[in-house]
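Input: a single structure, listed below in structure tokens.
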Amino acid sequence: MASESLDLYRSAGLSEVDPDIAALLGRELERQRGTVELIASENFTWPGVLEALGSMATNKYAEGYPGKRYYGGCEVVDEIEQLAIDRVKALFGAEHANVQAHAGAMTNTAVYLACLEPGDTILSLSLAHGGHLSHGLKVNISGKLFNIVSYGVSRDDHRIDFDQVRALALEHKPKLIICGGSAYPRIVEADRFREIADEVGALLLCDMAHFAGLVAAGLHPNPVPYCDFVTSTTHKTLAGPRAGFILCKAEHAQAVDRGIFPGLQGGPLLHTIAAKATCFKLAASQPFKAYQRQVRANADRLAADLLAGGLDIITGGTDTHLLCVDLRSTEWTGKDAEDRLHEVQVTVNKNAIPFDERPPTVTSGLRLGSPAVTMRGFDQEDMAEVAGIIVAALAENADLEALRARSAALCAKHPLYPGFRGYCSYEQ
Ligand SMILES: *Cc1c(COP(=O)(O)O)cnc(C)c1O
């Protein structure tokens, strides 16, 4: 490295000013390239999105909203944020959008700030049955500030138990009902939740963090017409930057905007908002629809072949991009199965299944998803090979060496970020 100086810092790239981090980012890219990524909440975002994320828009303070900022010099970033707002409203047919949330959890907290008082009751899907920590986990702000009542799935078919949802709603009169979660493999029926919300005079929030990409492509019913609020991440099926956004009816627009700023956050991340705008543009395209159709086909094939290989799948399959393996009929815990698959270069996460008797650090399930591998080009035949690797890895006397080679062959067949010369798209 050349001798240190401000002039060097002003002009040099990362590998010159911080070789440690540059090397780690290089290793992380190679890890992503060399493993079969089945974590259902992950994806490989577009190079164009990475470029926007790495842009100098990160430098700009812009507390407030387009046209109403607390800082000068916002004329360009106003256009960036307005473009993101207009695009996401058009994509999902929403009356109002807020694109400033730094992450998915923030979107939900902002909605609570917009419509609840501390002590109010929320009716949401239990974490143990596939909900999300921001829907009322005891140690999360949602669980600390609000009275949480949880509904679940039914014991026989593991689908949302609407009789229970309705009974709990009538009994507890929640101010807000939340539908959607992190590990529910079936359609989220916002229309049925709306009927119950109307019956008890509750507001309805759908958290589509996981399946927003399927909604954008018309492969999952759009919750927007039925809900007062819809929240989402941008980095899961939507394949954009790590962040979130909120859609709502016009009557809640001001409360939601105030919930995010100044309720929860300070200045927005304009580089991320630029990347969100790009994500929304690409998500409205025909190629994105084709991508999502492949995500669905790949999830179906993975579920079918795991079933054929003798593994149990919660609800017997999936309507979405994710599926949950029930390991209770095997020797494996979720934790041990996750570790074993890691040894053969398949990345998954252990996950509690409904009525799980093991603790959340162990669990009896695995959650698998198809968005990331589909992004790098896997098709149904590749998913059959993935299922074969998983089944063989969990069998007795598995030949781990041979299985690692099979995972490596799949990764070599579908290169990730083939145009990259280093750890990011525009490193020289
Ligand atoms: C992932 C997820 C979130 C939170 O997203 P973060 O960006 O990790 O804060 C919120 N709700 C649901 C249902 C999710 O799956």
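Chain lettering (A, B, ...) mirrors the order of the structure tokens, residue numbering begins at 1 for each chain separately, and ligand numbering begins at 1 in order of display.
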Expected selection as a PyMOL selection string for ligand 1 within 9 Å, only C-alpha atoms and all ligand atoms
chain A and resi 41+102-108+130-135+179-183+206-211+231-236+242-244
Show me, as a list in words, the residues that have an atom within 12 Å of Ala297 in chain A when counting only C-alpha atoms, minus same-chain residues fewer than 3 positions from it.
Leu219, Ala290, Tyr291, Gln292, Arg293, Gln294, Asp300, Arg301, Leu302, Ala303, Ala304, Gly317, Thr318, Asp319, Thr320, His321, Leu322, Gly369, Ser370, Pro371, Thr374, Phe378, Asp379, Gln380, Glu381, Asp382, Met383 and Ala384 of chain A
Taking N, CA, C and O atoms for each residue, export the selection above as a compact mmCIF listing (two decimals), in the first residue's frame.
```
# COMPACT_ATOMS: atom_id res chain seq x y z
N LEU A 219 -48.42 -13.94 -9.07
CA LEU A 219 -48.46 -15.36 -8.73
C LEU A 219 -48.95 -15.62 -7.31
O LEU A 219 -49.01 -16.76 -6.87
N ALA A 290 -41.13 -13.97 -15.46
CA ALA A 290 -40.61 -15.30 -15.83
C ALA A 290 -39.74 -15.85 -14.70
O ALA A 290 -39.80 -17.04 -14.38
N TYR A 291 -38.93 -14.99 -14.10
CA TYR A 291 -38.10 -15.42 -12.96
C TYR A 291 -38.97 -15.96 -11.83
O TYR A 291 -38.72 -17.04 -11.28
N GLN A 292 -40.04 -15.24 -11.49
CA GLN A 292 -40.90 -15.69 -10.39
C GLN A 292 -41.64 -16.98 -10.72
O GLN A 292 -41.86 -17.81 -9.84
N ARG A 293 -42.00 -17.14 -12.00
CA ARG A 293 -42.64 -18.42 -12.38
C ARG A 293 -41.67 -19.58 -12.15
O ARG A 293 -42.05 -20.66 -11.70
N GLN A 294 -40.39 -19.33 -12.44
CA GLN A 294 -39.38 -20.36 -12.23
C GLN A 294 -39.16 -20.60 -10.72
O GLN A 294 -38.96 -21.74 -10.30
N ASP A 300 -41.86 -26.09 -6.13
CA ASP A 300 -42.73 -27.26 -6.27
C ASP A 300 -41.91 -28.52 -6.51
O ASP A 300 -42.17 -29.58 -5.94
N ARG A 301 -40.90 -28.41 -7.40
CA ARG A 301 -40.09 -29.59 -7.72
C ARG A 301 -39.28 -30.04 -6.51
O ARG A 301 -39.18 -31.24 -6.23
N LEU A 302 -38.72 -29.08 -5.79
CA LEU A 302 -37.94 -29.42 -4.59
C LEU A 302 -38.83 -30.16 -3.58
O LEU A 302 -38.44 -31.20 -3.04
N ALA A 303 -40.04 -29.62 -3.36
CA ALA A 303 -40.96 -30.24 -2.40
C ALA A 303 -41.33 -31.65 -2.86
O ALA A 303 -41.29 -32.61 -2.07
N ALA A 304 -41.66 -31.79 -4.13
CA ALA A 304 -42.09 -33.11 -4.65
C ALA A 304 -40.97 -34.13 -4.52
O ALA A 304 -41.21 -35.28 -4.11
N GLY A 317 -46.54 -29.50 0.76
CA GLY A 317 -45.99 -28.80 -0.40
C GLY A 317 -45.96 -27.30 -0.16
O GLY A 317 -45.81 -26.86 0.98
N THR A 318 -46.14 -26.54 -1.22
CA THR A 318 -46.06 -25.08 -1.09
C THR A 318 -46.87 -24.38 -2.18
O THR A 318 -47.06 -24.94 -3.27
N ASP A 319 -47.36 -23.18 -1.87
CA ASP A 319 -47.96 -22.29 -2.87
C ASP A 319 -47.00 -21.17 -3.21
O ASP A 319 -47.33 -20.28 -3.99
N THR A 320 -45.83 -21.16 -2.56
CA THR A 320 -44.96 -19.99 -2.64
C THR A 320 -43.54 -20.41 -3.04
O THR A 320 -43.35 -21.39 -3.74
N HIS A 321 -42.58 -19.65 -2.54
CA HIS A 321 -41.16 -19.91 -2.82
C HIS A 321 -40.52 -20.72 -1.70
O HIS A 321 -39.35 -21.02 -1.78
N LEU A 322 -41.26 -20.99 -0.62
CA LEU A 322 -40.62 -21.64 0.54
C LEU A 322 -41.36 -22.90 0.95
O LEU A 322 -42.57 -23.05 0.72
N GLY A 369 -35.92 -22.46 0.53
CA GLY A 369 -36.54 -21.58 -0.45
C GLY A 369 -35.80 -21.58 -1.77
O GLY A 369 -34.60 -21.88 -1.82
N SER A 370 -36.52 -21.23 -2.82
CA SER A 370 -35.95 -21.30 -4.18
C SER A 370 -35.51 -19.97 -4.78
O SER A 370 -34.92 -19.97 -5.86
N PRO A 371 -35.74 -18.80 -4.15
CA PRO A 371 -35.44 -17.54 -4.86
C PRO A 371 -33.96 -17.37 -5.26
O PRO A 371 -33.67 -16.97 -6.38
N THR A 374 -32.69 -19.86 -7.98
CA THR A 374 -33.35 -19.56 -9.25
C THR A 374 -32.72 -18.33 -9.88
O THR A 374 -32.58 -18.25 -11.11
N PHE A 378 -30.90 -21.90 -11.71
CA PHE A 378 -31.33 -23.28 -11.50
C PHE A 378 -32.73 -23.49 -12.09
O PHE A 378 -33.61 -22.63 -11.94
N ASP A 379 -32.94 -24.65 -12.75
CA ASP A 379 -34.27 -25.02 -13.23
C ASP A 379 -34.74 -26.27 -12.48
O ASP A 379 -34.10 -26.72 -11.52
N GLN A 380 -35.87 -26.83 -12.93
CA GLN A 380 -36.44 -27.96 -12.18
C GLN A 380 -35.49 -29.15 -12.10
O GLN A 380 -35.44 -29.85 -11.10
N GLU A 381 -34.75 -29.39 -13.18
CA GLU A 381 -33.83 -30.53 -13.13
C GLU A 381 -32.72 -30.32 -12.11
O GLU A 381 -32.31 -31.26 -11.41
N ASP A 382 -32.27 -29.08 -12.03
CA ASP A 382 -31.26 -28.77 -11.01
C ASP A 382 -31.85 -28.96 -9.61
O ASP A 382 -31.17 -29.40 -8.69
N MET A 383 -33.14 -28.61 -9.45
CA MET A 383 -33.78 -28.77 -8.14
C MET A 383 -33.91 -30.25 -7.79
O MET A 383 -33.80 -30.63 -6.61
N ALA A 384 -34.12 -31.08 -8.79
CA ALA A 384 -34.17 -32.53 -8.54
C ALA A 384 -32.81 -32.99 -8.01
O ALA A 384 -32.73 -33.80 -7.08
```
Identify all residues of range 130-231 of chain A in alpha helix (DSSP H) (DSSP on the backbone) and supply them as a ChimeraX atom specification.
/A:141-145,162-172,190-200,212-216
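The space separating CA of Val99 in chain A from CA of Val188 in chain A comes to 22.9 Å.
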Spatial neighbours of Gly201 in chain A, max dist 8 Å, only C-alpha atoms, sep filter under 2 positions, as a PyMOL selection string:
chain A and resi 173+175+197-199+203
Could you dump the residues just selected with all heavy atoms as a PDB file, in the first residue's frame?
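As written to disk, part.pdb reads:
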```pdb
ATOM      1  N   LYS A 173     -61.010  -8.472  20.819  1.00  0.00           N
ATOM      2  CA  LYS A 173     -61.253  -7.199  20.132  1.00  0.00           C
ATOM      3  C   LYS A 173     -59.940  -6.445  19.836  1.00  0.00           C
ATOM      4  O   LYS A 173     -59.722  -5.326  20.347  1.00  0.00           O
ATOM      5  CB  LYS A 173     -62.157  -6.296  20.995  1.00  0.00           C
ATOM      6  CG  LYS A 173     -63.565  -6.828  21.188  1.00  0.00           C
ATOM      7  CD  LYS A 173     -64.465  -6.405  20.039  1.00  0.00           C
ATOM      8  CE  LYS A 173     -65.914  -6.776  20.228  1.00  0.00           C
ATOM      9  NZ  LYS A 173     -66.200  -8.208  20.027  1.00  0.00           N
ATOM     10  N   LYS A 175     -57.083  -4.135  18.144  1.00  0.00           N
ATOM     11  CA  LYS A 175     -57.165  -2.925  17.322  1.00  0.00           C
ATOM     12  C   LYS A 175     -56.531  -3.191  15.959  1.00  0.00           C
ATOM     13  O   LYS A 175     -56.896  -2.574  14.968  1.00  0.00           O
ATOM     14  CB  LYS A 175     -56.419  -1.788  18.028  1.00  0.00           C
ATOM     15  CG  LYS A 175     -56.759  -0.415  17.521  1.00  0.00           C
ATOM     16  CD  LYS A 175     -56.664   0.556  18.692  1.00  0.00           C
ATOM     17  CE  LYS A 175     -56.610   1.996  18.290  1.00  0.00           C
ATOM     18  NZ  LYS A 175     -56.115   2.815  19.413  1.00  0.00           N
ATOM     19  N   ALA A 197     -61.626  -8.921  10.374  1.00  0.00           N
ATOM     20  CA  ALA A 197     -61.286  -7.571  10.855  1.00  0.00           C
ATOM     21  C   ALA A 197     -62.538  -6.694  10.851  1.00  0.00           C
ATOM     22  O   ALA A 197     -62.802  -5.945  11.798  1.00  0.00           O
ATOM     23  CB  ALA A 197     -60.179  -6.969   9.999  1.00  0.00           C
ATOM     24  N   ASP A 198     -63.331  -6.790   9.769  1.00  0.00           N
ATOM     25  CA  ASP A 198     -64.543  -5.972   9.672  1.00  0.00           C
ATOM     26  C   ASP A 198     -65.552  -6.349  10.756  1.00  0.00           C
ATOM     27  O   ASP A 198     -66.233  -5.483  11.317  1.00  0.00           O
ATOM     28  CB  ASP A 198     -65.184  -6.134   8.285  1.00  0.00           C
ATOM     29  CG  ASP A 198     -64.420  -5.341   7.227  1.00  0.00           C
ATOM     30  OD1 ASP A 198     -63.607  -4.469   7.613  1.00  0.00           O
ATOM     31  OD2 ASP A 198     -64.607  -5.616   6.027  1.00  0.00           O
ATOM     32  N   GLU A 199     -65.620  -7.633  11.034  1.00  0.00           N
ATOM     33  CA  GLU A 199     -66.590  -8.109  12.022  1.00  0.00           C
ATOM     34  C   GLU A 199     -66.293  -7.523  13.410  1.00  0.00           C
ATOM     35  O   GLU A 199     -67.208  -7.271  14.197  1.00  0.00           O
ATOM     36  CB  GLU A 199     -66.515  -9.641  12.075  1.00  0.00           C
ATOM     37  CG  GLU A 199     -67.772 -10.300  12.583  1.00  0.00           C
ATOM     38  CD  GLU A 199     -67.651 -11.821  12.560  1.00  0.00           C
ATOM     39  OE1 GLU A 199     -66.889 -12.364  11.730  1.00  0.00           O
ATOM     40  OE2 GLU A 199     -68.319 -12.456  13.385  1.00  0.00           O
ATOM     41  N   LEU A 203     -58.224  -2.899  12.433  1.00  0.00           N
ATOM     42  CA  LEU A 203     -57.423  -2.563  11.259  1.00  0.00           C
ATOM     43  C   LEU A 203     -56.688  -3.830  10.828  1.00  0.00           C
ATOM     44  O   LEU A 203     -56.429  -4.710  11.645  1.00  0.00           O
ATOM     45  CB  LEU A 203     -56.416  -1.456  11.587  1.00  0.00           C
ATOM     46  CG  LEU A 203     -57.034  -0.090  11.911  1.00  0.00           C
ATOM     47  CD1 LEU A 203     -56.014   0.788  12.634  1.00  0.00           C
ATOM     48  CD2 LEU A 203     -57.534   0.587  10.634  1.00  0.00           C
TER      49      LEU A 203
END
```
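Backbone DSSP assigns strand (DSSP E) in range 159-269 of chain A to Leu176, Ile177, Ile178, Cys179, Leu203, Leu204, Leu205, Cys206, Asp207, Phe229, Val230, Thr231, Ser232, Thr233, Gly244, Phe245, Ile246, Leu247 and Cys248 of chain A.
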Surrounding residues of Asp86 in chain A excluding itself and chain neighbours under 3 positions, 10 Å, only C-alpha atoms, as a PyMOL selection string
chain A and resi 81-83+89-91+94+96-97+277+280
Write the residues of the selection above to a file with N, CA, C and O atoms, as a PDB file, in the first residue's frame.
```
ATOM      1  N   GLU A  81     -36.432   9.722  -4.698  1.00  0.00           N
ATOM      2  CA  GLU A  81     -37.429   9.139  -3.783  1.00  0.00           C
ATOM      3  C   GLU A  81     -38.811   9.116  -4.427  1.00  0.00           C
ATOM      4  O   GLU A  81     -39.561   8.141  -4.275  1.00  0.00           O
ATOM      5  N   GLN A  82     -39.157  10.191  -5.172  1.00  0.00           N
ATOM      6  CA  GLN A  82     -40.475  10.224  -5.810  1.00  0.00           C
ATOM      7  C   GLN A  82     -40.619   9.113  -6.842  1.00  0.00           C
ATOM      8  O   GLN A  82     -41.680   8.498  -6.969  1.00  0.00           O
ATOM      9  N   LEU A  83     -39.518   8.846  -7.568  1.00  0.00           N
ATOM     10  CA  LEU A  83     -39.547   7.764  -8.560  1.00  0.00           C
ATOM     11  C   LEU A  83     -39.787   6.418  -7.864  1.00  0.00           C
ATOM     12  O   LEU A  83     -40.591   5.595  -8.330  1.00  0.00           O
ATOM     13  N   LYS A  89     -46.016   2.199  -5.949  1.00  0.00           N
ATOM     14  CA  LYS A  89     -47.477   2.351  -5.951  1.00  0.00           C
ATOM     15  C   LYS A  89     -48.078   1.684  -7.184  1.00  0.00           C
ATOM     16  O   LYS A  89     -49.085   0.976  -7.103  1.00  0.00           O
ATOM     17  N   ALA A  90     -47.436   1.911  -8.334  1.00  0.00           N
ATOM     18  CA  ALA A  90     -47.945   1.312  -9.573  1.00  0.00           C
ATOM     19  C   ALA A  90     -47.790  -0.213  -9.543  1.00  0.00           C
ATOM     20  O   ALA A  90     -48.691  -0.948  -9.961  1.00  0.00           O
ATOM     21  N   LEU A  91     -46.674  -0.682  -9.003  1.00  0.00           N
ATOM     22  CA  LEU A  91     -46.402  -2.125  -8.987  1.00  0.00           C
ATOM     23  C   LEU A  91     -47.467  -2.895  -8.218  1.00  0.00           C
ATOM     24  O   LEU A  91     -47.893  -3.972  -8.628  1.00  0.00           O
ATOM     25  N   ALA A  94     -51.214   0.589  -5.010  1.00  0.00           N
ATOM     26  CA  ALA A  94     -51.463   1.163  -3.688  1.00  0.00           C
ATOM     27  C   ALA A  94     -51.805   2.645  -3.764  1.00  0.00           C
ATOM     28  O   ALA A  94     -51.378   3.341  -4.686  1.00  0.00           O
ATOM     29  N   HIS A  96     -50.993   4.837  -1.272  1.00  0.00           N
ATOM     30  CA  HIS A  96     -49.878   5.604  -0.700  1.00  0.00           C
ATOM     31  C   HIS A  96     -48.710   4.673  -0.429  1.00  0.00           C
ATOM     32  O   HIS A  96     -48.916   3.504  -0.082  1.00  0.00           O
ATOM     33  N   ALA A  97     -47.497   5.189  -0.588  1.00  0.00           N
ATOM     34  CA  ALA A  97     -46.301   4.382  -0.292  1.00  0.00           C
ATOM     35  C   ALA A  97     -45.291   5.220   0.469  1.00  0.00           C
ATOM     36  O   ALA A  97     -45.114   6.408   0.208  1.00  0.00           O
ATOM     37  N   ALA A 277     -35.754   1.947  -6.016  1.00  0.00           N
ATOM     38  CA  ALA A 277     -36.412   2.391  -7.259  1.00  0.00           C
ATOM     39  C   ALA A 277     -36.036   1.457  -8.404  1.00  0.00           C
ATOM     40  O   ALA A 277     -36.896   1.043  -9.192  1.00  0.00           O
ATOM     41  N   PHE A 280     -37.845  -1.862  -8.000  1.00  0.00           N
ATOM     42  CA  PHE A 280     -39.268  -1.789  -8.378  1.00  0.00           C
ATOM     43  C   PHE A 280     -39.421  -1.748  -9.897  1.00  0.00           C
ATOM     44  O   PHE A 280     -40.338  -2.334 -10.451  1.00  0.00           O
TER      45      PHE A 280
END
```
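Contact shell of Val200 in chain A at 12 Å (only C-alpha atoms; same-chain neighbours under 6 positions omitted): Leu123, Val165, Arg166, Ala167, Leu168, Ala169, Leu170, Glu171, His172, Lys173, Pro174, Lys175, Leu176, Ile177, Phe193 and Arg194 of chain A.
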Quick one: everything within 10 Å of Ala284 in chain A, counting only C-alpha atoms, minus sequence neighbours fewer than 6 positions away in the same chain. Send it as number ranges by chain.
A: 87-88, 90-92, 213, 216-217
Please produce a file of the residues just selected, as an mmCIF file, in the first residue's frame, where the atoms kept are C-alpha atoms.
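Final output, out_31.cif:
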```cif
data_model
loop_
_atom_site.group_PDB
_atom_site.id
_atom_site.type_symbol
_atom_site.label_atom_id
_atom_site.label_comp_id
_atom_site.auth_asym_id
_atom_site.auth_seq_id
_atom_site.Cartn_x
_atom_site.Cartn_y
_atom_site.Cartn_z
ATOM 1 C CA ARG A 87 -42.993 2.870 -9.089
ATOM 2 C CA VAL A 88 -43.954 0.870 -6.009
ATOM 3 C CA ALA A 90 -47.945 1.312 -9.573
ATOM 4 C CA LEU A 91 -46.402 -2.125 -8.987
ATOM 5 C CA PHE A 92 -48.859 -3.048 -6.217
ATOM 6 C CA GLY A 213 -42.034 -10.767 -5.453
ATOM 7 C CA ALA A 216 -45.546 -8.304 -8.098
ATOM 8 C CA ALA A 217 -45.514 -11.079 -10.697
#
```
